[in-house]
Amino acid sequence: MAHDTPLIATIVVGLSLAFIFGAIAQRFRISPIVGYLLAGVAVGPFTPGFVADQGLANELAEIGIILLMFGVGLHFSMSELLAVRAIAVPGALVQIAVATAMGVGLATTFGWSLGAGLVFGLALSVASTVVLLRALQERRLVKSDQGRIAVGWLIVEDLVMVLTLVILPAIAPLLSTESANAAGAHSPNELAMTLAVTLLKVAAFVAVMLLGGRRLIPAILHHIAHTGSRELFRLGVLTIALGVAFAAAKLFGVSLALGAFFAGMILSESELSQRAANETLPLRDAFAVLFFVSVGMLFYPNIIVENPLRVMAVLAIIIVGKSLAAWLIVLAFGHGMRTALLIAASLAQIGEFSFILAGLGVTLKLLPVEGRELILAGALLSIMLNPLLFLAVERYGPALAAEPPKPKEPAPAGQAPGQVPGQAPSAAAEPQTAKPASELAHVTSKTGHTVLVGFGRVGSVIGENLIERGIPLFVLDDRDDTAETLKSRGLDAVAANAVTDLASANLKDARALIVAIPDCFEAGQIVAQGRAANPGLQIIARAHSDAEEAYLKQYGASDVVQGSRETAGAMIVALDTPSPAPIVDPDPARTPDNPPDAG
């Protein structure tokens, strides 16, 4: 019997095409978001073939927005913001103002109203959280000074957009041309009253969350966690995210996005926040993908051909105007050229907040549909071009970083990055924190050495043993603090991702390569590169299963040590050679300083 299942069809086709296009985008080193948006275009009404149900897609997108904002709140860190507040707060606010002004100016040339220009400019001013964090993570810059500034800058942008989503519906009648021309136009007093009521509702919601939710939400999760049920914990986190967002909209009249953001922010203060993030990540990612697919469905691809000049103007604001403003601001605050270039490249794109704001603007009849299409086109193109900007910074950044005078270079050399919260690091210290591939061209001069990838729980044991035995050692670890600690001990170590920077290990002259990281797929890439660089190299890796062991050997590992097998073997040996039974002291009052009598 035939079944009409538009919901299932929308989810299945949307996710399937998102997977295909996302994988293609990833293959070309482009953000998968581009693939998700193109999947939406493919199932949208402006392209031939299957057309998904737009209404259902929009409702699924609402869940995606809730979970996206919950994730933003969950990763919100006031300490990170305060650490770079001296530049992140004024820098982000000035950059938003400049980009918004450019957007208003461009909208004016299009003949749009001031309200349309404001929404348009704000949408062009905010960078994508997903794209920016992924770019920093790929380059291991999240914990660097540049990464901290970029993340702090992003937090300020997100907060401004959250407030915009709350205030915009209240002031929409004032900005709307239709409302202003209507016979029953709202008076200034009515608008002021509407805005005041909106702000009071927001304040009431925030007060409830800070006074009640701050205690109730963590307490509920702690109680669920003590039951030992992983399913209940995951369900509890999702219920809190969706329930608080829904309650915020129904009881306080605030947006679903704000409710979800505060739910995540309150939960971020709990020690269970990391577990909550991990448990909800799969569902959050799935609905986030559907959100991007639903946005892509609204995109009219012919606009790139019909209005190329307008598309190029929007792209110029995103990539040139906004980035130039950020670059000048960072330089004005006394930071070096490398930091300025990296921050500018990080912000040269727009994403999820722009989509949400554009959708709200169209719903409130502030932004014309063409404005949303231009924003979507600008997002697609800017996200696609963003990796090229980072590549340009990595290629030409070292030469540019050497331009400023560095009389203070010896002074900060021993300082830990970020040791004074809010203080701008000197330009001289920057090349030591930013480690793109071009700068990591430091290739060890060691020969006959052992290369150790990863200095964690397993790698540190191996490394210390090799050090005690006097074996020449070169360590690659993606944590800055670990590499700096090893360097302070006089060891040859580099803080970098071994997948992209294995060349610094001089493998052609090495004796052995030990891959001690737990990630099998990443280890497989390292093993393959090592075998290609030195066919006779001894390569030892670790695995957690027979399948992982076969996978690593297929890529060229000489030996693979499986942790579970070694543990089982040690327990069997212990069974065959039992240790003496421990002496149980019947007197619980005894301590090691008061041993029992001999004999």
# chains A, B, ... in the order shown; residues from 1 in each chain; ligands from 1

call {"tool": "residues_around", "arguments": {"residues": "Ile240 in chain A", "least_positions_apart": "3", "cutoff": "8 Å", "atoms": "only C-alpha atoms", "output": "PyMOL selection string"}}
result
chain A and resi 217+236-237+243-244+263

call {"tool": "residues_around", "arguments": {"residues": "Lys553 in chain A", "least_positions_apart": "5", "cutoff": "12 Å", "atoms": "only C-alpha atoms", "output": "PyMOL selection string"}}
result
chain A and resi 520+523-525+527-528+531+538-543+546-548+558-561

call {"tool": "atom_distance", "arguments": {"atom1": "CA of Met337 in chain A", "atom2": "CA of Pro90 in chain A"}}
result
18.8 Å

call {"tool": "residues_around", "arguments": {"residues": "Arg479 in chain A", "least_positions_apart": "4", "cutoff": "10 Å", "atoms": "only C-alpha atoms", "output": "list in words"}}
result
Arg140, Leu141, Lys143, Gly454, Phe455, Gly456, Ala483, Glu484, Val494, Ala495, Ala496 and Asn497 of chain A

call {"tool": "select_by_dssp", "arguments": {"residues": "range 33-65 of chain A", "states": "helix (DSSP H, G or I)", "output": "list in words"}}
result
Ile33, Val34, Gly35, Tyr36, Leu37, Leu38, Ala39, Gly40, Val41, Ala42, Gln54, Gly55, Leu56, Ala57, Asn58, Glu59, Leu60, Ala61, Glu62, Ile63, Gly64 and Ile65 of chain A

call {"tool": "write_last_selection", "arguments": {"atoms": "N, CA and C atoms", "output": "PDB file, in the first residue's frame"}}
result
ATOM      1  N   ILE A  33      29.533  22.788   5.121  1.00  0.00           N
ATOM      2  CA  ILE A  33      28.332  23.624   5.117  1.00  0.00           C
ATOM      3  C   ILE A  33      27.939  23.984   3.687  1.00  0.00           C
ATOM      4  N   VAL A  34      28.942  24.214   2.837  1.00  0.00           N
ATOM      5  CA  VAL A  34      28.661  24.505   1.436  1.00  0.00           C
ATOM      6  C   VAL A  34      27.906  23.338   0.803  1.00  0.00           C
ATOM      7  N   GLY A  35      28.337  22.121   1.104  1.00  0.00           N
ATOM      8  CA  GLY A  35      27.660  20.943   0.587  1.00  0.00           C
ATOM      9  C   GLY A  35      26.236  20.827   1.089  1.00  0.00           C
ATOM     10  N   TYR A  36      26.016  21.152   2.364  1.00  0.00           N
ATOM     11  CA  TYR A  36      24.669  21.073   2.930  1.00  0.00           C
ATOM     12  C   TYR A  36      23.745  22.096   2.255  1.00  0.00           C
ATOM     13  N   LEU A  37      24.269  23.307   2.031  1.00  0.00           N
ATOM     14  CA  LEU A  37      23.465  24.328   1.372  1.00  0.00           C
ATOM     15  C   LEU A  37      23.125  23.920  -0.068  1.00  0.00           C
ATOM     16  N   LEU A  38      24.114  23.345  -0.761  1.00  0.00           N
ATOM     17  CA  LEU A  38      23.868  22.893  -2.134  1.00  0.00           C
ATOM     18  C   LEU A  38      22.862  21.744  -2.166  1.00  0.00           C
ATOM     19  N   ALA A  39      22.869  20.907  -1.132  1.00  0.00           N
ATOM     20  CA  ALA A  39      21.859  19.842  -1.042  1.00  0.00           C
ATOM     21  C   ALA A  39      20.469  20.446  -0.939  1.00  0.00           C
ATOM     22  N   GLY A  40      20.359  21.533  -0.175  1.00  0.00           N
ATOM     23  CA  GLY A  40      19.079  22.217  -0.081  1.00  0.00           C
ATOM     24  C   GLY A  40      18.649  22.815  -1.406  1.00  0.00           C
ATOM     25  N   VAL A  41      19.627  23.377  -2.134  1.00  0.00           N
ATOM     26  CA  VAL A  41      19.316  23.913  -3.461  1.00  0.00           C
ATOM     27  C   VAL A  41      18.792  22.794  -4.375  1.00  0.00           C
ATOM     28  N   ALA A  42      19.400  21.612  -4.259  1.00  0.00           N
ATOM     29  CA  ALA A  42      19.027  20.486  -5.125  1.00  0.00           C
ATOM     30  C   ALA A  42      17.602  20.012  -4.871  1.00  0.00           C
ATOM     31  N   GLN A  54       8.644  22.326   1.933  1.00  0.00           N
ATOM     32  CA  GLN A  54       9.285  23.485   2.547  1.00  0.00           C
ATOM     33  C   GLN A  54       8.782  23.727   3.969  1.00  0.00           C
ATOM     34  N   GLY A  55       7.476  23.512   4.186  1.00  0.00           N
ATOM     35  CA  GLY A  55       6.925  23.725   5.524  1.00  0.00           C
ATOM     36  C   GLY A  55       7.539  22.789   6.547  1.00  0.00           C
ATOM     37  N   LEU A  56       7.628  21.501   6.200  1.00  0.00           N
ATOM     38  CA  LEU A  56       8.239  20.533   7.111  1.00  0.00           C
ATOM     39  C   LEU A  56       9.730  20.836   7.307  1.00  0.00           C
ATOM     40  N   ALA A  57      10.393  21.222   6.223  1.00  0.00           N
ATOM     41  CA  ALA A  57      11.814  21.547   6.326  1.00  0.00           C
ATOM     42  C   ALA A  57      12.035  22.718   7.262  1.00  0.00           C
ATOM     43  N   ASN A  58      11.141  23.699   7.223  1.00  0.00           N
ATOM     44  CA  ASN A  58      11.275  24.855   8.111  1.00  0.00           C
ATOM     45  C   ASN A  58      11.096  24.458   9.577  1.00  0.00           C
ATOM     46  N   GLU A  59      10.156  23.547   9.847  1.00  0.00           N
ATOM     47  CA  GLU A  59       9.963  23.106  11.228  1.00  0.00           C
ATOM     48  C   GLU A  59      11.164  22.309  11.717  1.00  0.00           C
ATOM     49  N   LEU A  60      11.710  21.462  10.857  1.00  0.00           N
ATOM     50  CA  LEU A  60      12.926  20.736  11.218  1.00  0.00           C
ATOM     51  C   LEU A  60      14.079  21.718  11.433  1.00  0.00           C
ATOM     52  N   ALA A  61      14.096  22.774  10.623  1.00  0.00           N
ATOM     53  CA  ALA A  61      15.137  23.791  10.773  1.00  0.00           C
ATOM     54  C   ALA A  61      15.021  24.491  12.122  1.00  0.00           C
ATOM     55  N   GLU A  62      13.800  24.687  12.612  1.00  0.00           N
ATOM     56  CA  GLU A  62      13.615  25.313  13.926  1.00  0.00           C
ATOM     57  C   GLU A  62      14.275  24.475  15.019  1.00  0.00           C
ATOM     58  N   ILE A  63      14.116  23.146  14.919  1.00  0.00           N
ATOM     59  CA  ILE A  63      14.797  22.277  15.884  1.00  0.00           C
ATOM     60  C   ILE A  63      16.306  22.423  15.724  1.00  0.00           C
ATOM     61  N   GLY A  64      16.758  22.525  14.470  1.00  0.00           N
ATOM     62  CA  GLY A  64      18.185  22.730  14.224  1.00  0.00           C
ATOM     63  C   GLY A  64      18.683  24.010  14.841  1.00  0.00           C
ATOM     64  N   ILE A  65      17.890  25.094  14.735  1.00  0.00           N
ATOM     65  CA  ILE A  65      18.278  26.370  15.333  1.00  0.00           C
ATOM     66  C   ILE A  65      18.366  26.248  16.850  1.00  0.00           C
TER      67      ILE A  65
END

call {"tool": "atom_distance", "arguments": {"atom1": "CA of Val515 in chain A", "atom2": "CA of Arg457 in chain A"}}
result
12.7 Å

call {"tool": "atom_distance", "arguments": {"atom1": "CA of Lys201 in chain A", "atom2": "CA of Ala245 in chain A"}}
result
14.1 Å

call {"tool": "residues_around", "arguments": {"residues": "Asp509 in chain A", "least_positions_apart": "5", "cutoff": "10 Å", "atoms": "only C-alpha atoms", "output": "PyMOL selection string"}}
result
chain A and resi 444-450+533-534+537

call {"tool": "write_last_selection", "arguments": {"atoms": "N, CA, C and O atoms", "output": "compact mmCIF listing (two decimals), in the first residue's frame"}}
result
# COMPACT_ATOMS: atom_id res chain seq x y z
N THR A 444 63.68 18.85 11.93
CA THR A 444 64.73 18.46 12.87
C THR A 444 65.98 17.99 12.12
O THR A 444 65.89 17.35 11.06
N SER A 445 67.12 18.29 12.68
CA SER A 445 68.39 17.88 12.08
C SER A 445 68.84 16.52 12.59
O SER A 445 69.90 16.02 12.20
N LYS A 446 68.05 15.91 13.45
CA LYS A 446 68.42 14.61 14.02
C LYS A 446 68.46 13.53 12.93
O LYS A 446 67.71 13.58 11.95
N THR A 447 69.31 12.56 13.13
CA THR A 447 69.35 11.37 12.28
C THR A 447 69.40 10.14 13.18
O THR A 447 69.90 10.21 14.31
N GLY A 448 68.86 9.05 12.69
CA GLY A 448 68.82 7.83 13.50
C GLY A 448 67.96 7.98 14.73
O GLY A 448 68.15 7.27 15.72
N HIS A 449 67.00 8.88 14.68
CA HIS A 449 66.17 9.19 15.84
C HIS A 449 64.83 8.45 15.77
O HIS A 449 64.46 7.88 14.74
N THR A 450 64.11 8.49 16.88
CA THR A 450 62.77 7.93 16.94
C THR A 450 61.77 9.07 16.97
O THR A 450 61.92 10.01 17.77
N ALA A 533 57.39 8.22 3.04
CA ALA A 533 58.62 9.00 3.21
C ALA A 533 59.84 8.12 3.38
O ALA A 533 60.95 8.48 2.97
N ASN A 534 59.66 6.95 4.01
CA ASN A 534 60.80 6.07 4.28
C ASN A 534 60.31 4.62 4.23
O ASN A 534 59.81 4.09 5.23
N LEU A 537 61.34 2.27 7.10
CA LEU A 537 61.14 2.76 8.46
C LEU A 537 60.32 1.78 9.29
O LEU A 537 59.34 1.21 8.82

call {"tool": "residues_around", "arguments": {"residues": "Leu360 in chain A", "least_positions_apart": "4", "cutoff": "10 Å", "atoms": "only C-alpha atoms", "output": "list in words"}}
result
Val119, Leu165, Leu168, Pro169, Ser354, Phe355, Ile356, Leu364, Lys365, Leu366, Leu367 and Arg372 of chain A

call {"tool": "closest_residue", "arguments": {"among": "A:Leu347, A:Met265, A:Ala512, A:Ile20", "to": "Thr129 in chain A", "atoms": "only C-alpha atoms"}}
result
A:Leu347
